[in-house]
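The file target-v4.cif comes next; it holds mmCIF, N, CA and C atoms.
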```
data_structure
loop_
_atom_site.group_PDB
_atom_site.id
_atom_site.type_symbol
_atom_site.label_atom_id
_atom_site.label_comp_id
_atom_site.auth_asym_id
_atom_site.auth_seq_id
_atom_site.Cartn_x
_atom_site.Cartn_y
_atom_site.Cartn_z
ATOM 1 N N MET A 26 -79.370 27.949 -47.240
ATOM 2 C CA MET A 26 -80.601 28.598 -46.867
ATOM 3 C C MET A 26 -81.520 28.653 -48.086
ATOM 4 N N ASN A 27 -82.738 28.200 -47.944
ATOM 5 C CA ASN A 27 -83.727 28.255 -49.007
ATOM 6 C C ASN A 27 -84.465 29.591 -48.922
ATOM 7 N N ARG A 28 -84.220 30.463 -49.867
ATOM 8 C CA ARG A 28 -84.815 31.795 -49.855
ATOM 9 C C ARG A 28 -86.257 31.792 -50.336
ATOM 10 N N ASP A 29 -86.652 30.772 -51.064
ATOM 11 C CA ASP A 29 -88.010 30.695 -51.594
ATOM 12 C C ASP A 29 -88.638 29.382 -51.127
ATOM 13 N N PRO A 30 -89.434 29.432 -50.084
ATOM 14 C CA PRO A 30 -90.012 28.197 -49.540
ATOM 15 C C PRO A 30 -90.949 27.492 -50.520
ATOM 16 N N ASP A 31 -91.457 28.224 -51.515
ATOM 17 C CA ASP A 31 -92.363 27.604 -52.476
ATOM 18 C C ASP A 31 -91.629 26.957 -53.652
ATOM 19 N N PHE A 32 -90.315 27.195 -53.756
ATOM 20 C CA PHE A 32 -89.546 26.675 -54.886
ATOM 21 C C PHE A 32 -89.654 25.159 -54.990
ATOM 22 N N LYS A 33 -89.499 24.475 -53.900
ATOM 23 C CA LYS A 33 -89.562 23.013 -53.902
ATOM 24 C C LYS A 33 -90.942 22.538 -54.370
ATOM 25 N N GLN A 34 -91.978 23.210 -53.930
ATOM 26 C CA GLN A 34 -93.333 22.861 -54.350
ATOM 27 C C GLN A 34 -93.543 23.149 -55.838
ATOM 28 N N ASP A 35 -92.960 24.245 -56.320
ATOM 29 C CA ASP A 35 -93.062 24.572 -57.740
ATOM 30 C C ASP A 35 -92.402 23.492 -58.595
ATOM 31 N N ILE A 36 -91.214 23.071 -58.195
ATOM 32 C CA ILE A 36 -90.498 22.025 -58.929
ATOM 33 C C ILE A 36 -91.288 20.721 -58.904
ATOM 34 N N LEU A 37 -91.856 20.396 -57.772
ATOM 35 C CA LEU A 37 -92.667 19.183 -57.652
ATOM 36 C C LEU A 37 -93.889 19.252 -58.571
ATOM 37 N N ALA A 38 -94.534 20.404 -58.622
ATOM 38 C CA ALA A 38 -95.712 20.570 -59.480
ATOM 39 C C ALA A 38 -95.337 20.447 -60.959
ATOM 40 N N LEU A 39 -94.220 21.050 -61.353
ATOM 41 C CA LEU A 39 -93.764 20.945 -62.746
ATOM 42 C C LEU A 39 -93.408 19.512 -63.104
ATOM 43 N N SER A 40 -92.731 18.835 -62.191
ATOM 44 C CA SER A 40 -92.358 17.451 -62.413
ATOM 45 C C SER A 40 -93.593 16.566 -62.594
ATOM 46 N N LYS A 41 -94.574 16.791 -61.766
ATOM 47 C CA LYS A 41 -95.815 16.011 -61.847
ATOM 48 C C LYS A 41 -96.549 16.301 -63.162
ATOM 49 N N HIS A 42 -96.608 17.571 -63.532
ATOM 50 C CA HIS A 42 -97.308 17.967 -64.760
ATOM 51 C C HIS A 42 -96.657 17.340 -65.991
ATOM 52 N N TYR A 43 -95.349 17.598 -66.168
ATOM 53 C CA TYR A 43 -94.666 17.096 -67.359
ATOM 54 C C TYR A 43 -94.471 15.590 -67.315
ATOM 55 N N GLY A 44 -94.303 15.039 -66.133
ATOM 56 C CA GLY A 44 -94.236 13.583 -66.007
ATOM 57 C C GLY A 44 -95.518 12.921 -66.491
ATOM 58 N N GLY A 45 -96.646 13.531 -66.150
ATOM 59 C CA GLY A 45 -97.939 13.025 -66.621
ATOM 60 C C GLY A 45 -98.074 13.105 -68.135
ATOM 61 N N LEU A 46 -97.584 14.205 -68.715
ATOM 62 C CA LEU A 46 -97.642 14.342 -70.172
ATOM 63 C C LEU A 46 -96.781 13.286 -70.857
ATOM 64 N N VAL A 47 -95.600 13.022 -70.312
ATOM 65 C CA VAL A 47 -94.734 11.996 -70.900
ATOM 66 C C VAL A 47 -95.371 10.619 -70.772
ATOM 67 N N LYS A 48 -95.979 10.338 -69.633
ATOM 68 C CA LYS A 48 -96.656 9.040 -69.477
ATOM 69 C C LYS A 48 -97.798 8.899 -70.476
ATOM 70 N N ARG A 49 -98.503 9.997 -70.735
ATOM 71 C CA ARG A 49 -99.654 9.960 -71.630
ATOM 72 C C ARG A 49 -99.229 9.916 -73.102
ATOM 73 N N HIS A 50 -98.195 10.682 -73.471
ATOM 74 C CA HIS A 50 -97.858 10.849 -74.882
ATOM 75 C C HIS A 50 -96.539 10.214 -75.309
ATOM 76 N N GLY A 51 -95.690 9.826 -74.346
ATOM 77 C CA GLY A 51 -94.388 9.267 -74.705
ATOM 78 C C GLY A 51 -93.498 10.328 -75.335
ATOM 79 N N ASP A 52 -92.613 9.908 -76.225
ATOM 80 C CA ASP A 52 -91.677 10.814 -76.885
ATOM 81 C C ASP A 52 -92.389 11.488 -78.061
ATOM 82 N N ALA A 53 -93.278 12.386 -77.744
ATOM 83 C CA ALA A 53 -94.072 13.080 -78.754
ATOM 84 C C ALA A 53 -94.102 14.567 -78.422
ATOM 85 N N PRO A 54 -94.375 15.401 -79.409
ATOM 86 C CA PRO A 54 -94.421 16.849 -79.173
ATOM 87 C C PRO A 54 -95.389 17.247 -78.053
ATOM 88 N N GLU A 55 -96.447 16.511 -77.919
ATOM 89 C CA GLU A 55 -97.443 16.823 -76.889
ATOM 90 C C GLU A 55 -96.869 16.729 -75.474
ATOM 91 N N SER A 56 -95.812 15.960 -75.310
ATOM 92 C CA SER A 56 -95.179 15.841 -73.988
ATOM 93 C C SER A 56 -94.526 17.148 -73.551
ATOM 94 N N ALA A 57 -94.194 17.989 -74.522
ATOM 95 C CA ALA A 57 -93.608 19.295 -74.221
ATOM 96 C C ALA A 57 -94.603 20.415 -74.524
ATOM 97 N N GLN A 58 -95.850 20.059 -74.647
ATOM 98 C CA GLN A 58 -96.974 20.965 -74.874
ATOM 99 C C GLN A 58 -96.949 21.651 -76.236
ATOM 100 N N TYR A 59 -96.440 20.968 -77.261
ATOM 101 C CA TYR A 59 -96.559 21.444 -78.630
ATOM 102 C C TYR A 59 -97.785 20.785 -79.243
ATOM 103 N N ALA A 60 -98.398 21.453 -80.208
ATOM 104 C CA ALA A 60 -99.586 20.898 -80.854
ATOM 105 C C ALA A 60 -99.247 19.689 -81.720
ATOM 106 N N ASP A 61 -98.084 19.754 -82.392
ATOM 107 C CA ASP A 61 -97.666 18.672 -83.283
ATOM 108 C C ASP A 61 -96.186 18.850 -83.622
ATOM 109 N N ARG A 62 -95.618 17.898 -84.373
ATOM 110 C CA ARG A 62 -94.190 17.936 -84.716
ATOM 111 C C ARG A 62 -93.859 19.173 -85.561
ATOM 112 N N GLU A 63 -94.752 19.530 -86.484
ATOM 113 C CA GLU A 63 -94.502 20.697 -87.339
ATOM 114 C C GLU A 63 -94.368 21.979 -86.498
ATOM 115 N N THR A 64 -95.252 22.165 -85.560
ATOM 116 C CA THR A 64 -95.206 23.337 -84.684
ATOM 117 C C THR A 64 -93.923 23.327 -83.860
ATOM 118 N N GLN A 65 -93.560 22.176 -83.347
ATOM 119 C CA GLN A 65 -92.351 22.042 -82.548
ATOM 120 C C GLN A 65 -91.120 22.414 -83.384
ATOM 121 N N GLU A 66 -91.043 21.904 -84.593
ATOM 122 C CA GLU A 66 -89.875 22.164 -85.427
ATOM 123 C C GLU A 66 -89.837 23.603 -85.933
ATOM 124 N N ARG A 67 -90.993 24.223 -86.133
ATOM 125 C CA ARG A 67 -91.006 25.644 -86.500
ATOM 126 C C ARG A 67 -90.410 26.485 -85.375
ATOM 127 N N ARG A 68 -90.750 26.155 -84.152
ATOM 128 C CA ARG A 68 -90.198 26.889 -83.003
ATOM 129 C C ARG A 68 -88.683 26.662 -82.906
ATOM 130 N N MET A 69 -88.248 25.438 -83.145
ATOM 131 C CA MET A 69 -86.813 25.151 -83.119
ATOM 132 C C MET A 69 -86.091 25.932 -84.211
ATOM 133 N N ALA A 70 -86.692 26.050 -85.387
ATOM 134 C CA ALA A 70 -86.091 26.803 -86.490
ATOM 135 C C ALA A 70 -85.939 28.274 -86.112
ATOM 136 N N VAL A 71 -86.928 28.822 -85.439
ATOM 137 C CA VAL A 71 -86.848 30.211 -84.991
ATOM 138 C C VAL A 71 -85.704 30.370 -83.994
ATOM 139 N N LEU A 72 -85.565 29.423 -83.085
ATOM 140 C CA LEU A 72 -84.452 29.476 -82.141
ATOM 141 C C LEU A 72 -83.115 29.450 -82.875
ATOM 142 N N CYS A 73 -83.010 28.642 -83.909
ATOM 143 C CA CYS A 73 -81.762 28.534 -84.661
ATOM 144 C C CYS A 73 -81.469 29.805 -85.454
ATOM 145 N N ASP A 74 -82.490 30.548 -85.806
ATOM 146 C CA ASP A 74 -82.306 31.781 -86.566
ATOM 147 C C ASP A 74 -81.576 32.863 -85.778
ATOM 148 N N ILE A 75 -81.387 32.680 -84.495
ATOM 149 C CA ILE A 75 -80.682 33.694 -83.711
ATOM 150 C C ILE A 75 -79.181 33.650 -83.948
ATOM 151 N N GLY A 76 -78.729 32.682 -84.717
ATOM 152 C CA GLY A 76 -77.313 32.630 -85.035
ATOM 153 C C GLY A 76 -76.642 31.323 -84.700
ATOM 154 N N VAL A 77 -77.391 30.263 -84.577
ATOM 155 C CA VAL A 77 -76.798 28.954 -84.323
ATOM 156 C C VAL A 77 -76.105 28.492 -85.602
ATOM 157 N N THR A 78 -74.847 28.078 -85.458
ATOM 158 C CA THR A 78 -74.077 27.561 -86.588
ATOM 159 C C THR A 78 -73.576 26.162 -86.255
ATOM 160 N N ARG A 79 -72.936 25.548 -87.211
ATOM 161 C CA ARG A 79 -72.373 24.204 -87.000
ATOM 162 C C ARG A 79 -71.392 24.204 -85.831
ATOM 163 N N GLU A 80 -70.710 25.313 -85.609
ATOM 164 C CA GLU A 80 -69.708 25.407 -84.552
ATOM 165 C C GLU A 80 -70.295 25.813 -83.196
ATOM 166 N N SER A 81 -71.549 26.168 -83.163
ATOM 167 C CA SER A 81 -72.178 26.629 -81.915
ATOM 168 C C SER A 81 -72.289 25.507 -80.891
ATOM 169 N N LYS A 82 -72.343 25.910 -79.650
ATOM 170 C CA LYS A 82 -72.632 24.986 -78.556
ATOM 171 C C LYS A 82 -73.987 25.392 -77.997
ATOM 172 N N VAL A 83 -74.884 24.408 -77.879
ATOM 173 C CA VAL A 83 -76.248 24.675 -77.437
ATOM 174 C C VAL A 83 -76.555 23.788 -76.241
ATOM 175 N N LEU A 84 -77.025 24.389 -75.187
ATOM 176 C CA LEU A 84 -77.441 23.632 -74.012
ATOM 177 C C LEU A 84 -78.947 23.435 -74.079
ATOM 178 N N ASP A 85 -79.367 22.207 -74.285
ATOM 179 C CA ASP A 85 -80.788 21.856 -74.350
ATOM 180 C C ASP A 85 -81.118 21.162 -73.040
ATOM 181 N N PHE A 86 -81.521 21.933 -72.067
ATOM 182 C CA PHE A 86 -81.750 21.414 -70.721
ATOM 183 C C PHE A 86 -83.165 21.739 -70.275
ATOM 184 N N GLY A 87 -83.931 20.705 -69.998
ATOM 185 C CA GLY A 87 -85.285 20.921 -69.499
ATOM 186 C C GLY A 87 -86.212 21.534 -70.521
ATOM 187 N N CYS A 88 -85.960 21.229 -71.797
ATOM 188 C CA CYS A 88 -86.740 21.865 -72.859
ATOM 189 C C CYS A 88 -87.562 20.858 -73.652
ATOM 190 N N GLY A 89 -87.958 19.803 -73.044
ATOM 191 C CA GLY A 89 -88.756 18.817 -73.766
ATOM 192 C C GLY A 89 -88.123 17.447 -73.716
ATOM 193 N N THR A 90 -88.241 16.733 -74.836
ATOM 194 C CA THR A 90 -87.776 15.346 -74.873
ATOM 195 C C THR A 90 -86.467 15.186 -75.629
ATOM 196 N N GLY A 91 -85.731 16.279 -75.842
ATOM 197 C CA GLY A 91 -84.428 16.204 -76.489
ATOM 198 C C GLY A 91 -84.479 16.211 -78.000
ATOM 199 N N ARG A 92 -85.566 16.603 -78.591
ATOM 200 C CA ARG A 92 -85.705 16.613 -80.052
ATOM 201 C C ARG A 92 -84.879 17.695 -80.728
ATOM 202 N N LEU A 93 -84.446 18.693 -79.960
ATOM 203 C CA LEU A 93 -83.650 19.757 -80.562
ATOM 204 C C LEU A 93 -82.368 19.205 -81.171
ATOM 205 N N LEU A 94 -81.740 18.245 -80.530
ATOM 206 C CA LEU A 94 -80.499 17.664 -81.058
ATOM 207 C C LEU A 94 -80.727 17.054 -82.435
ATOM 208 N N SER A 95 -81.747 16.243 -82.594
ATOM 209 C CA SER A 95 -81.980 15.624 -83.905
ATOM 210 C C SER A 95 -82.353 16.678 -84.944
ATOM 211 N N PHE A 96 -83.066 17.715 -84.524
ATOM 212 C CA PHE A 96 -83.387 18.811 -85.448
ATOM 213 C C PHE A 96 -82.099 19.502 -85.922
ATOM 214 N N LEU A 97 -81.195 19.791 -84.980
ATOM 215 C CA LEU A 97 -79.949 20.447 -85.338
ATOM 216 C C LEU A 97 -79.098 19.562 -86.248
ATOM 217 N N GLN A 98 -79.064 18.272 -85.979
ATOM 218 C CA GLN A 98 -78.288 17.349 -86.811
ATOM 219 C C GLN A 98 -78.813 17.340 -88.236
ATOM 220 N N ARG A 99 -80.120 17.343 -88.387
ATOM 221 C CA ARG A 99 -80.710 17.365 -89.734
ATOM 222 C C ARG A 99 -80.495 18.711 -90.431
ATOM 223 N N SER A 100 -80.474 19.775 -89.643
ATOM 224 C CA SER A 100 -80.346 21.129 -90.208
ATOM 225 C C SER A 100 -78.940 21.451 -90.661
ATOM 226 N N PHE A 101 -77.947 20.830 -90.010
ATOM 227 C CA PHE A 101 -76.565 21.134 -90.347
ATOM 228 C C PHE A 101 -75.912 19.918 -90.942
#
```

For this file, produce the structure as structure tokens.
Amino acid sequence: MNRDPDFKQDILALSKHYGGLVKRHGDAPESAQYADRETQERRMAVLCDIGVTRESKVLDFGCGTGRLLSFLQRSF
């Protein structure tokens, strides 16, 4: 049972929006609505400050173009 009839439309709208950004910008910070790489990496650093360590497990799902993994690899 679908409890939220607008959910499917919301997902479609998000897919269209971010799909358009990826088509326009490719694998760039702008595809995830960051101003530039520096801004994107500053935000990632703040996320890591919550206690991410080399042993941590991080689920990066639906958060951009997957740049968090390369940031974490460089950081640790």

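Between atom CA of Ala70 of chain A and atom CA of Gly44 of chain A there is a distance of 25.7 Å.
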
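Between atom C of Asp31 of chain A and atom N of Tyr43 of chain A lies a distance of 16.1 Å.
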
Starting from 6 Å padding per side, set up an axis-aligned box that covers all listed atoms of segment 74-78 of chain A and hand over centre and edge lengths in Å, one decimal, as lines of an AutoDock Vina configuration file.
```
center_x = -78.0
center_y = 29.9
center_z = -85.1
size_x = 20.9
size_y = 19.5
size_z = 14.9
```

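Considering the residues A:Lys48, A:Gly89, A:Phe96, A:Lys41 and counting only C-alpha atoms, Leu72 of chain A has its shortest atom-to-atom contact with A:Phe96.
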
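Atom N of Thr90 of chain A is found 6.0 Å from atom CA of Ala57 of chain A.
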
- Item | Contacts of Val47 of chain A at 8 Å (only C-alpha atoms; same-chain gap of 5+ positions) as a ChimeraX atom specification | /A:52-53,56

- Task: Identify, with DSSP run on backbone atoms, the residues in chain A assigned to alpha helix (DSSP H), and express the list as number ranges by chain.
- Result: A: 32-50, 62-73, 92-100

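Closest approach to Glu66 of chain A among A:Val83, A:Leu46, A:Leu93, A:Leu37: A:Leu93, based on only C-alpha atoms.
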
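Of the listed residues A:Arg79, A:Gly45, A:Leu84, A:Gln34, the one whose atoms come nearest to Gln98 of chain A is A:Arg79, with distances taken using only C-alpha atoms.
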